[in-house]
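Below is the file work28.csv, which contains CSV, C-alpha atoms and all ligand atoms.
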```csv
chain,number,residue,atom,x,y,z
A,1185,MET,CA,-102.2,75.7,-9.0
A,1186,ASN,CA,-99.7,77.7,-11.1
A,1187,LEU,CA,-101.8,79.3,-13.8
A,1188,GLU,CA,-99.0,79.9,-16.3
A,1189,GLN,CA,-97.8,76.3,-16.0
A,1190,PHE,CA,-101.4,75.1,-16.4
A,1191,LYS,CA,-101.7,77.2,-19.6
A,1192,THR,CA,-98.4,75.8,-21.0
A,1193,ASP,CA,-99.3,72.2,-20.1
A,1194,ILE,CA,-102.8,72.4,-21.7
A,1195,ASP,CA,-101.5,74.1,-24.8
A,1196,ASN,CA,-98.6,71.6,-25.2
A,1197,GLY,CA,-100.9,68.6,-24.7
A,1198,LEU,CA,-103.5,69.7,-27.2
A,1199,ASN,CA,-101.0,70.7,-29.8
A,1200,LYS,CA,-99.5,67.2,-29.9
A,1201,GLU,CA,-100.2,64.9,-32.9
A,1202,SER,CA,-101.7,62.4,-30.3
A,1203,LYS,CA,-103.3,64.8,-27.9
A,1204,THR,CA,-102.7,64.4,-24.1
A,1205,LEU,CA,-103.7,66.2,-20.9
A,1206,PRO,CA,-101.7,65.8,-17.7
A,1207,SER,CA,-103.4,63.7,-15.0
A,1208,LYS,CA,-102.2,65.9,-12.2
A,1209,TYR,CA,-104.9,68.4,-13.2
A,1210,PHE,CA,-107.7,66.0,-12.4
A,1211,TYR,CA,-107.7,67.1,-8.8
A,1212,ASP,CA,-109.7,70.3,-8.2
A,1213,LYS,CA,-112.4,70.3,-5.5
A,1214,LYS,CA,-114.8,68.4,-7.8
A,1215,GLY,CA,-112.0,66.0,-8.9
A,1216,ASP,CA,-111.1,65.3,-5.3
A,1217,SER,CA,-114.6,64.4,-4.4
A,1218,LEU,CA,-115.0,62.3,-7.5
A,1219,PHE,CA,-111.8,60.4,-6.7
A,1220,VAL,CA,-113.2,59.6,-3.2
A,1221,GLU,CA,-116.3,58.2,-5.0
A,1222,ILE,CA,-114.0,56.2,-7.3
A,1223,MET,CA,-112.2,54.7,-4.2
A,1224,ASN,CA,-115.5,53.5,-3.0
A,1225,LEU,CA,-116.6,51.9,-6.3
A,1226,PRO,CA,-117.0,48.1,-6.2
A,1227,GLU,CA,-114.8,47.9,-9.4
A,1228,TYR,CA,-112.0,50.0,-7.8
A,1229,TYR,CA,-110.2,47.2,-5.9
A,1230,LEU,CA,-106.9,49.2,-5.5
A,1231,THR,CA,-108.0,51.2,-2.4
A,1232,ARG,CA,-109.7,48.3,-0.7
A,1233,SER,CA,-106.7,46.1,-1.2
A,1234,GLU,CA,-104.1,48.6,0.1
A,1235,PHE,CA,-106.5,49.6,3.0
A,1236,GLU,CA,-106.5,45.9,4.0
A,1237,ILE,CA,-102.7,45.9,4.1
A,1238,PHE,CA,-102.6,49.0,6.3
A,1239,ASN,CA,-105.5,47.9,8.4
A,1240,LEU,CA,-104.2,44.3,9.1
A,1241,LYS,CA,-100.4,44.6,8.7
A,1242,SER,CA,-99.4,48.0,10.2
A,1243,SER,CA,-97.5,46.4,13.0
A,1244,GLU,CA,-95.6,44.3,10.5
A,1245,LEU,CA,-94.9,47.4,8.4
A,1246,ILE,CA,-93.6,49.3,11.5
A,1247,LYS,CA,-91.3,46.3,12.2
A,1248,LYS,CA,-90.0,46.1,8.6
A,1249,LEU,CA,-89.4,49.8,8.6
A,1250,GLY,CA,-87.1,49.3,11.7
A,1251,LEU,CA,-88.9,52.1,13.6
A,1252,LYS,CA,-88.1,52.6,17.3
A,1253,THR,CA,-90.1,54.5,19.9
A,1254,THR,CA,-86.8,56.1,21.1
A,1255,THR,CA,-85.8,57.6,17.7
A,1256,TYR,CA,-87.6,60.7,16.3
A,1257,PHE,CA,-88.4,60.3,12.6
A,1258,GLU,CA,-90.3,62.1,9.8
A,1259,LEU,CA,-93.1,60.5,8.0
A,1260,ILE,CA,-93.7,62.2,4.6
A,1261,GLU,CA,-96.5,61.3,2.2
A,1262,LEU,CA,-96.4,62.2,-1.4
A,1263,GLY,CA,-99.9,62.8,-3.1
A,1264,ALA,CA,-101.5,61.9,0.2
A,1265,GLY,CA,-105.2,62.3,-0.9
A,1266,ASP,CA,-107.7,61.8,1.9
A,1267,GLY,CA,-105.2,59.8,4.0
A,1268,SER,CA,-107.7,57.1,4.7
A,1269,LYS,CA,-105.1,54.3,4.5
A,1270,THR,CA,-102.3,56.2,6.3
A,1271,ILE,CA,-104.6,56.7,9.3
A,1272,GLU,CA,-104.4,52.9,9.9
A,1273,LEU,CA,-100.6,53.4,10.2
A,1274,LEU,CA,-100.8,56.6,12.3
A,1275,LYS,CA,-103.1,55.0,14.9
A,1276,PRO,CA,-100.6,52.3,16.1
A,1277,LEU,CA,-97.7,54.8,15.8
A,1278,VAL,CA,-99.5,57.2,18.1
A,1279,SER,CA,-100.9,54.6,20.5
A,1280,LYS,CA,-97.5,53.0,20.9
A,1281,GLY,CA,-95.8,56.3,21.6
A,1282,PHE,CA,-93.6,56.7,18.6
A,1283,ASP,CA,-92.0,60.2,18.3
A,1284,PHE,CA,-92.6,61.5,14.8
A,1285,LYS,CA,-93.9,64.2,12.5
A,1286,TYR,CA,-96.3,63.5,9.7
A,1287,THR,CA,-96.1,65.7,6.6
A,1288,PRO,CA,-98.6,64.9,3.8
A,1289,ILE,CA,-97.8,66.7,0.5
A,1290,ASP,CA,-100.6,67.2,-2.0
A,1291,ILE,CA,-101.1,69.4,-5.0
A,1292,SER,CA,-104.7,69.9,-3.8
A,1293,ALA,CA,-105.0,72.2,-0.7
A,1294,ASN,CA,-108.7,71.1,-0.5
A,1295,THR,CA,-107.8,67.4,-0.2
A,1296,LEU,CA,-105.3,68.2,2.5
A,1297,SER,CA,-108.1,69.9,4.5
A,1298,VAL,CA,-110.2,66.8,4.1
A,1299,LEU,CA,-107.3,64.7,5.2
A,1300,GLU,CA,-106.7,66.9,8.3
A,1301,ASN,CA,-110.4,66.6,9.3
A,1302,ASN,CA,-110.3,62.8,8.8
A,1303,ILE,CA,-107.3,62.5,11.0
A,1304,HIS,CA,-108.6,64.9,13.6
A,1305,ALA,CA,-111.8,62.8,13.8
A,1306,GLN,CA,-109.8,59.7,14.7
A,1307,LEU,CA,-106.8,61.1,16.4
A,1308,PRO,CA,-108.0,64.4,18.0
A,1309,THR,CA,-104.7,65.4,19.6
A,1310,PHE,CA,-102.4,64.5,16.7
A,1311,LYS,CA,-101.0,67.4,14.7
A,1312,VAL,CA,-100.6,67.2,10.9
A,1313,ASP,CA,-97.8,69.2,9.3
A,1314,LYS,CA,-99.5,69.5,5.8
A,1315,LEU,CA,-97.7,70.9,2.8
A,1316,ALA,CA,-99.7,72.0,-0.4
A,1317,GLY,CA,-97.8,71.8,-3.7
A,1318,ASP,CA,-96.4,69.7,-6.4
A,1319,TYR,CA,-94.3,66.9,-4.9
A,1320,PHE,CA,-91.9,67.2,-7.8
A,1321,ASN,CA,-91.1,70.7,-6.5
A,1322,GLN,CA,-91.3,69.9,-2.8
A,1323,LEU,CA,-88.8,67.0,-2.7
A,1324,GLY,CA,-85.8,69.4,-2.2
A,1325,ARG,CA,-87.2,70.4,1.2
A,1326,LEU,CA,-86.7,66.9,2.6
A,1327,LYS,CA,-83.0,67.5,2.7
A,1328,ASN,CA,-83.3,70.3,5.2
A,1329,THR,CA,-83.4,68.1,8.2
A,1330,PRO,CA,-81.0,65.4,9.4
A,1331,HIS,CA,-83.7,63.1,10.9
A,1332,PRO,CA,-84.5,59.6,9.7
A,1333,LYS,CA,-87.3,59.6,7.1
A,1334,VAL,CA,-90.0,57.3,5.9
A,1335,ILE,CA,-91.6,58.4,2.6
A,1336,LEU,CA,-95.0,57.0,1.7
A,1337,PHE,CA,-96.0,56.9,-2.0
A,1338,LEU,CA,-99.2,54.9,-2.0
A,1339,GLY,CA,-102.2,54.1,-4.2
A,1340,SER,CA,-99.9,53.0,-7.1
A,1341,ASN,CA,-99.6,56.7,-7.9
A,1342,ILE,CA,-96.2,56.0,-9.4
A,1343,GLY,CA,-98.0,53.9,-12.0
A,1344,ASN,CA,-99.0,57.2,-13.7
A,1345,LEU,CA,-95.4,57.6,-14.8
A,1346,THR,CA,-93.5,55.6,-17.4
A,1347,ASP,CA,-90.9,53.1,-16.1
A,1348,GLU,CA,-88.2,55.4,-17.2
A,1349,LYS,CA,-89.7,58.5,-15.5
A,1350,SER,CA,-90.3,56.3,-12.4
A,1351,SER,CA,-86.6,55.6,-12.1
A,1352,LEU,CA,-85.8,59.3,-12.5
A,1353,PHE,CA,-88.5,60.2,-9.9
A,1354,LEU,CA,-87.3,57.6,-7.4
A,1355,ASN,CA,-83.7,58.8,-7.9
A,1356,GLU,CA,-84.9,62.3,-7.2
A,1357,ILE,CA,-86.5,61.1,-4.0
A,1358,ALA,CA,-83.3,59.2,-3.1
A,1359,ARG,CA,-81.1,62.3,-3.8
A,1360,ASN,CA,-83.0,64.1,-1.0
A,1361,LEU,CA,-82.7,61.2,1.5
A,1362,ASN,CA,-79.9,59.8,3.7
A,1363,SER,CA,-78.7,56.2,3.4
A,1364,ARG,CA,-81.0,53.8,5.3
A,1365,ASP,CA,-84.1,56.1,5.0
A,1366,LYS,CA,-87.1,54.2,3.7
A,1367,LEU,CA,-89.7,54.5,1.0
A,1368,VAL,CA,-93.1,52.6,1.2
A,1369,LEU,CA,-94.2,52.2,-2.4
A,1370,GLY,CA,-97.7,51.0,-3.0
A,1371,LEU,CA,-98.0,49.1,-6.3
A,1372,ASP,CA,-101.0,47.6,-8.1
A,1373,LEU,CA,-99.9,44.1,-9.2
A,1374,ARG,CA,-100.4,42.5,-12.6
A,1375,LYS,CA,-103.6,40.6,-13.0
A,1376,SER,CA,-106.3,39.8,-15.6
A,1377,LYS,CA,-107.9,42.3,-17.8
A,1378,SER,CA,-111.4,41.3,-16.4
A,1379,ILE,CA,-110.3,42.7,-13.0
A,1380,VAL,CA,-108.1,45.7,-14.1
A,1381,LEU,CA,-110.2,47.3,-16.9
A,1382,PRO,CA,-113.5,47.9,-14.9
A,1383,ALA,CA,-111.4,49.8,-12.3
A,1384,TYR,CA,-110.8,52.4,-15.0
A,1385,ASN,CA,-114.3,52.3,-16.6
A,1386,ASP,CA,-116.9,51.6,-14.0
A,1387,SER,CA,-120.5,50.8,-14.8
A,1388,SER,CA,-121.9,53.8,-12.9
A,1389,GLY,CA,-119.9,56.4,-14.9
A,1390,VAL,CA,-117.9,58.0,-12.0
A,1391,THR,CA,-114.6,57.5,-13.8
A,1392,LYS,CA,-116.1,59.1,-16.9
A,1393,ALA,CA,-117.2,62.1,-14.8
A,1394,PHE,CA,-113.7,62.2,-13.2
A,1395,ASN,CA,-112.0,62.3,-16.6
A,1396,LEU,CA,-114.4,64.8,-18.2
A,1397,ASN,CA,-114.0,67.1,-15.2
A,1398,LEU,CA,-110.6,68.0,-16.6
A,1399,LEU,CA,-112.4,69.6,-19.5
A,1400,ASN,CA,-114.6,71.4,-17.1
A,1401,ARG,CA,-111.6,72.7,-15.3
A,1402,ILE,CA,-110.1,74.0,-18.6
A,1403,ASN,CA,-113.5,75.7,-19.3
A,1404,THR,CA,-113.6,77.5,-16.0
A,1405,THR,CA,-109.9,78.3,-15.6
A,1406,LEU,CA,-109.1,79.2,-19.2
A,1407,ASP,CA,-112.4,80.4,-20.5
A,1408,ALA,CA,-112.8,77.5,-22.9
A,1409,ASN,CA,-115.9,76.1,-24.5
A,1410,PHE,CA,-115.6,72.3,-24.3
A,1411,ASN,CA,-119.1,70.8,-24.5
A,1412,LEU,CA,-119.0,67.9,-22.1
A,1413,ASN,CA,-121.9,66.2,-23.9
A,1414,GLU,CA,-119.8,65.9,-27.0
A,1415,PHE,CA,-116.9,64.0,-25.2
A,1416,SER,CA,-116.8,60.6,-23.6
A,1417,HIS,CA,-114.4,58.4,-21.8
A,1418,THR,CA,-112.7,55.1,-22.6
A,1419,ALA,CA,-110.0,52.8,-21.1
A,1420,GLU,CA,-107.7,50.2,-22.5
A,1421,TYR,CA,-105.6,47.4,-20.9
A,1422,GLU,CA,-103.3,44.8,-22.5
A,1423,GLU,CA,-102.4,42.1,-20.1
A,1424,GLN,CA,-99.1,41.4,-21.8
A,1425,GLU,CA,-97.9,45.0,-21.5
A,1426,GLY,CA,-99.5,45.5,-18.1
A,1427,VAL,CA,-100.4,49.2,-18.6
A,1428,ALA,CA,-104.0,50.6,-18.3
A,1429,ARG,CA,-104.6,53.8,-20.4
A,1430,SER,CA,-107.4,56.3,-19.9
A,1431,PHE,CA,-108.7,58.6,-22.7
A,1432,ILE,CA,-111.2,61.3,-23.3
A,1433,LEU,CA,-112.9,60.7,-26.6
A,1434,SER,CA,-114.4,63.3,-29.0
A,1435,LYS,CA,-117.8,62.0,-30.1
A,1436,ILE,CA,-117.9,64.3,-33.1
A,1437,LYS,CA,-115.6,66.4,-35.3
A,1438,GLN,CA,-115.5,69.7,-33.5
A,1439,GLU,CA,-113.5,72.8,-32.7
A,1440,VAL,CA,-113.0,74.1,-29.1
A,1441,ARG,CA,-111.8,77.6,-28.3
A,1442,VAL,CA,-109.6,78.3,-25.3
A,1443,ASN,CA,-109.9,82.0,-24.9
A,1444,ALA,CA,-107.2,82.5,-22.3
A,1445,LEU,CA,-104.7,81.0,-24.8
A,1446,GLY,CA,-106.3,82.8,-27.8
A,1447,LYS,CA,-106.4,79.5,-29.6
A,1448,ALA,CA,-108.8,77.0,-31.1
A,1449,TYR,CA,-108.2,73.2,-31.2
A,1450,GLN,CA,-109.6,70.7,-33.7
A,1451,PHE,CA,-110.9,67.3,-32.7
A,1452,ASP,CA,-111.8,64.5,-35.2
A,1453,LYS,CA,-114.8,62.2,-34.6
A,1454,GLY,CA,-113.4,59.4,-32.4
A,1455,GLU,CA,-110.1,61.2,-31.6
A,1456,LYS,CA,-108.7,60.2,-28.3
A,1457,ILE,CA,-107.0,62.5,-25.7
A,1458,HIS,CA,-104.7,60.5,-23.6
A,1459,THR,CA,-105.1,61.5,-19.9
A,1460,GLU,CA,-103.4,58.8,-17.8
A,1461,ILE,CA,-101.4,55.6,-17.7
A,1462,SER,CA,-101.7,53.1,-14.8
A,1463,ARG,CA,-98.8,50.7,-14.8
A,1464,LYS,CA,-99.3,47.2,-13.2
A,1465,TYR,CA,-96.3,45.6,-11.5
A,1466,ASP,CA,-94.5,42.5,-10.4
A,1467,ASP,CA,-91.2,42.0,-8.6
A,1468,LYS,CA,-89.2,41.9,-11.9
A,1469,ILE,CA,-90.7,45.1,-13.3
A,1470,LEU,CA,-90.0,46.9,-10.0
A,1471,GLU,CA,-86.4,45.5,-9.8
A,1472,ASP,CA,-85.8,46.8,-13.4
A,1473,ILE,CA,-87.1,50.2,-12.4
A,1474,LEU,CA,-84.9,50.3,-9.3
A,1475,THR,CA,-81.7,49.2,-11.1
A,1476,PRO,CA,-80.6,52.7,-12.0
A,1477,THR,CA,-81.7,54.1,-8.5
A,1478,CYS,CA,-80.2,54.0,-5.0
A,1479,PHE,CA,-83.1,52.0,-3.6
A,1480,LYS,CA,-83.2,48.3,-2.8
A,1481,ILE,CA,-86.2,46.2,-1.8
A,1482,ILE,CA,-86.1,45.1,1.9
A,1483,GLY,CA,-89.7,44.0,2.3
A,1484,LYS,CA,-93.1,43.4,0.7
A,1485,LEU,CA,-96.6,43.2,2.1
A,1486,THR,CA,-99.6,42.1,0.1
A,1487,ASP,CA,-103.4,41.8,0.7
A,1488,LYS,CA,-104.9,38.3,0.9
A,1489,LYS,CA,-105.9,38.2,-2.9
A,1490,GLU,CA,-102.4,39.5,-3.8
A,1491,PHE,CA,-104.0,42.2,-5.9
A,1492,PHE,CA,-101.8,44.9,-4.4
A,1493,ALA,CA,-98.3,45.2,-2.7
A,1494,ASP,CA,-96.6,47.7,-0.5
A,1495,TYR,CA,-92.9,47.4,-1.1
A,1496,ILE,CA,-90.5,48.6,1.5
A,1497,LEU,CA,-87.4,50.2,-0.1
A,1498,GLU,CA,-84.3,51.4,1.6
A,1499,LYS,CA,-81.8,53.9,0.3
A,1500,ARG,CA,-78.4,52.2,0.0
B,1,LIG,C1,-104.9,58.9,-7.1
B,1,LIG,S1,-104.9,60.0,-5.7
B,1,LIG,C2,-104.2,58.9,-4.5
B,1,LIG,C3,-104.3,59.4,-3.1
B,1,LIG,C4,-103.6,58.5,-2.1
B,1,LIG,N1,-102.2,58.5,-2.3
B,1,LIG,C5,-104.2,57.2,-2.0
B,1,LIG,O1,-103.4,56.2,-2.3
B,1,LIG,O2,-105.4,57.0,-1.8
B,1,LIG,C6,-103.6,61.0,-6.1
B,1,LIG,C7,-103.3,62.2,-5.2
B,1,LIG,O3,-102.1,62.7,-5.6
B,1,LIG,C8,-102.3,64.1,-5.7
B,1,LIG,N2,-101.3,64.5,-6.8
B,1,LIG,C9,-101.4,64.2,-8.1
B,1,LIG,N3,-100.3,64.7,-8.7
B,1,LIG,C10,-99.6,65.4,-7.8
B,1,LIG,C11,-98.4,66.1,-7.8
B,1,LIG,N4,-97.7,66.2,-8.9
B,1,LIG,N5,-97.9,66.7,-6.7
B,1,LIG,C12,-98.6,66.5,-5.5
B,1,LIG,N6,-99.8,65.8,-5.4
B,1,LIG,C13,-100.2,65.3,-6.5
B,1,LIG,C14,-103.7,64.4,-6.0
B,1,LIG,O4,-104.2,65.6,-5.6
B,1,LIG,C15,-104.4,63.2,-5.3
B,1,LIG,O5,-104.8,63.6,-4.0
```

Would you give me this structure, written as structure tokens?
Amino acid sequence: MNLEQFKTDIDNGLNKESKTLPSKYFYDKKGDSLFVEIMNLPEYYLTRSEFEIFNLKSSELIKKLGLKTTTYFELIELGAGDGSKTIELLKPLVSKGFDFKYTPIDISANTLSVLENNIHAQLPTFKVDKLAGDYFNQLGRLKNTPHPKVILFLGSNIGNLTDEKSSLFLNEIARNLNSRDKLVLGLDLRKSKSIVLPAYNDSSGVTKAFNLNLLNRINTTLDANFNLNEFSHTAEYEEQEGVARSFILSKIKQEVRVNALGKAYQFDKGEKIHTEISRKYDDKILEDILTPTCFKIIGKLTDKKEFFADYILEKR
């Protein structure tokens, strides 16, 4: 993590009229392991649904991607996490003798080690070419080789961006690809509030711990005095809009000092700090996002309940 950037981002977020903290800072060692716990929660249907697609439909995915055993390609994953779904794609690619390199990119070096160990346990001879860093900064590297590329961006991670920023981000990916390169974009589909909301506010409090860990990270990294007992967590979802929002909530009126910034921040009782959005999609929403980009949809795979979709996009 870039300390100066962290300081700037925290200060900017806490100075806003409606306070925010960037979700990319959730993922330190504790945050990584809490996210693995979230993925296993009964309420968190996203991982199970996308795992089902990779587990049951990898051969179909390989076919839709137009991959051939005779042509070397690069498989690059943005925000790879523990790689538990990707392994289901790697297994048939390896066993059928495809010639490829797998490069998972993640901001958390710790999570990349977990991923490497997970893959090693299931594919002992397969080499992972991991890359630690912010994928926004690493995209430029893609251009350095002429080989066909398949980018994976799973887990509906793009849903943490607004639609406008998603278009810009997708264009940034496209700018670093050649025509006919592919992107597999995992998207959580629109569905009822009764299913979506518990995924962001589970009954056992893991999501709350995950959110509040961000304050813990500010305490340890920037010598701050957030009292975690005086903050809580809440989530909102409007079906019509299709966006889930997560917040840290100040339980009381309080002041928090962040010594590394030489500043104090005031919080009102009930004041919310917005930490994350999680967009829910349908074909039309995705098509609108893709309009200003160089990507077109060439395929779509869903789980049986149609909770989740992996769209296959191709650069024009
Ligand atoms: C919600 S997890 C999802 C992991 C995985 N894609 C999945 O679907 O299970 C998000 C992952 O993206 C990583 N991440 C978040 N923001 C990032 C950024 N700007 N650059 C690189 N990695 C990032 C986190 O460290 C975390 O491992």

Quiz item: Within 9 Å of Lys1252 of chain A, counting all atoms listed in the file, which residues qualify if same-chain residues fewer than 6 places away don't, as a PyMOL selection string?
Solution: chain A and resi 1246+1282-1283

Self-check item: 10 Å shell around ligand LIG 1 (chain B) using only C-alpha atoms and all ligand atoms, listed as a PyMOL selection string
Solution: chain A and resi 1206-1213+1215-1217+1219-1220+1222-1223+1230-1232+1234-1235+1261-1270+1288-1296+1299+1315-1323+1336-1344+1370-1371

Quiz item: Using only C-alpha atoms, which residues sit within 8 Å of Arg1500 of chain A once same-chain residues fewer than 6 positions away are excluded, as an NGL selection string?
Solution: :A and (1363-1364 or 1478-1480)

Exercise. Find the residues around His1458 of chain A up to 8 Å (only C-alpha atoms counted), leave out those fewer than 3 positions away in its own chain, and share them as a PyMOL selection string.
Key: chain A and resi 1202-1205+1429-1432

Quiz item: Which one of A:Val1298, A:Leu1245, A:Val1334, A:Phe1415 sits closest to Val1440 of chain A if you count only C-alpha atoms?
Solution: A:Phe1415

Self-check item: Separation of atom CA of Ile1461 of chain A from atom CA of Val1427 of chain A, in Å and rounded to one decimal
Solution: 6.5 Å

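Take atom CA of Asn1239 of chain A and atom CA of Tyr1384 of chain A: the distance between them is 24.4 Å.
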
Quiz prompt | Nearest to Ile1481 of chain A, chosen from A:Leu1445, A:Met1185, A:Leu1367, A:Ile1357, with all atoms listed in the file counted in the distances | solution = A:Leu1367

Practice problem: Would you please work out which residue, of A:Asp1472, A:Asp1372, A:Glu1420, A:Asp1386, is nearest to Lys1456 of chain A when using only C-alpha atoms? | Solution: A:Glu1420

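Of the residues listed (A:Asn1411, A:Thr1405, A:Lys1464, A:Glu1244), A:Asn1411 shows the shortest atom-to-atom separation from Gln1438 of chain A; distances use all atoms listed in the file.
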
Quiz item: Within 12 Å of (-105.1, 60.7, 20.9), in the coordinates the file gives, what residues turn up when you count all atoms listed in the file, written out as a PyMOL selection string?
Solution: chain A and resi 1274-1281+1303-1311

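Straight-line separation from atom CA of Phe1491 of chain A to atom CA of Glu1236 of chain A: 10.9 Å.
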
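Residues in contact with segment 1352-1355 of chain A at 8 Å, where all atoms listed in the file are counted and same-chain residues fewer than 2 positions away are skipped, are listed as Glu1348, Lys1349, Ser1350, Ile1357, Ala1358, Arg1359, Leu1474, Pro1476, Thr1477, Cys1478 and Phe1479 of chain A.
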
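With only C-alpha atoms as the atoms that count, the minimum distance from Gly1446 of chain A to the choices A:Ala1419, A:Asn1395, A:Gly1426, A:Asp1195 is reached by A:Asp1195.
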
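Nearest-residue note for Arg1325 of chain A: choosing from A:Gly1483, A:Ala1428, A:Thr1287, A:Ile1379, the minimum distance belongs to A:Thr1287, counting only C-alpha atoms.
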
Could you give me segment 1257-1268 of chain A completed to N, CA, C and O atoms, formatted as a CSV table (one decimal), keeping the file's coordinate frame?
```csv
chain,number,residue,atom,x,y,z
A,1257,PHE,N,-88.5,60.4,14.0
A,1257,PHE,CA,-88.4,60.3,12.6
A,1257,PHE,C,-89.5,61.1,11.9
A,1257,PHE,O,-90.4,61.6,12.6
A,1258,GLU,N,-89.3,61.4,10.6
A,1258,GLU,CA,-90.3,62.1,9.8
A,1258,GLU,C,-91.0,61.2,8.9
A,1258,GLU,O,-90.3,60.4,8.2
A,1259,LEU,N,-92.3,61.2,8.9
A,1259,LEU,CA,-93.1,60.5,8.0
A,1259,LEU,C,-93.7,61.4,6.9
A,1259,LEU,O,-94.4,62.3,7.3
A,1260,ILE,N,-93.3,61.3,5.7
A,1260,ILE,CA,-93.7,62.2,4.6
A,1260,ILE,C,-94.5,61.5,3.6
A,1260,ILE,O,-94.0,60.5,3.1
A,1261,GLU,N,-95.7,62.0,3.2
A,1261,GLU,CA,-96.5,61.3,2.2
A,1261,GLU,C,-96.6,62.1,1.0
A,1261,GLU,O,-97.1,63.3,1.0
A,1262,LEU,N,-96.3,61.5,-0.2
A,1262,LEU,CA,-96.4,62.2,-1.4
A,1262,LEU,C,-97.8,61.9,-2.1
A,1262,LEU,O,-98.1,60.8,-2.2
A,1263,GLY,N,-98.5,63.0,-2.4
A,1263,GLY,CA,-99.9,62.8,-3.1
A,1263,GLY,C,-100.8,62.1,-2.1
A,1263,GLY,O,-101.4,61.0,-2.4
A,1264,ALA,N,-100.9,62.6,-0.9
A,1264,ALA,CA,-101.5,61.9,0.2
A,1264,ALA,C,-103.0,61.7,0.1
A,1264,ALA,O,-103.6,60.7,0.6
A,1265,GLY,N,-103.7,62.5,-0.7
A,1265,GLY,CA,-105.2,62.3,-0.9
A,1265,GLY,C,-105.9,62.5,0.4
A,1265,GLY,O,-105.5,63.3,1.3
A,1266,ASP,N,-106.9,61.7,0.7
A,1266,ASP,CA,-107.7,61.8,1.9
A,1266,ASP,C,-107.0,61.1,3.1
A,1266,ASP,O,-107.6,61.2,4.2
A,1267,GLY,N,-105.9,60.4,2.9
A,1267,GLY,CA,-105.2,59.8,4.0
A,1267,GLY,C,-105.9,58.6,4.7
A,1267,GLY,O,-105.4,58.2,5.8
A,1268,SER,N,-106.9,58.1,4.0
A,1268,SER,CA,-107.7,57.1,4.7
A,1268,SER,C,-106.9,55.8,5.0
A,1268,SER,O,-107.2,55.1,6.0
```
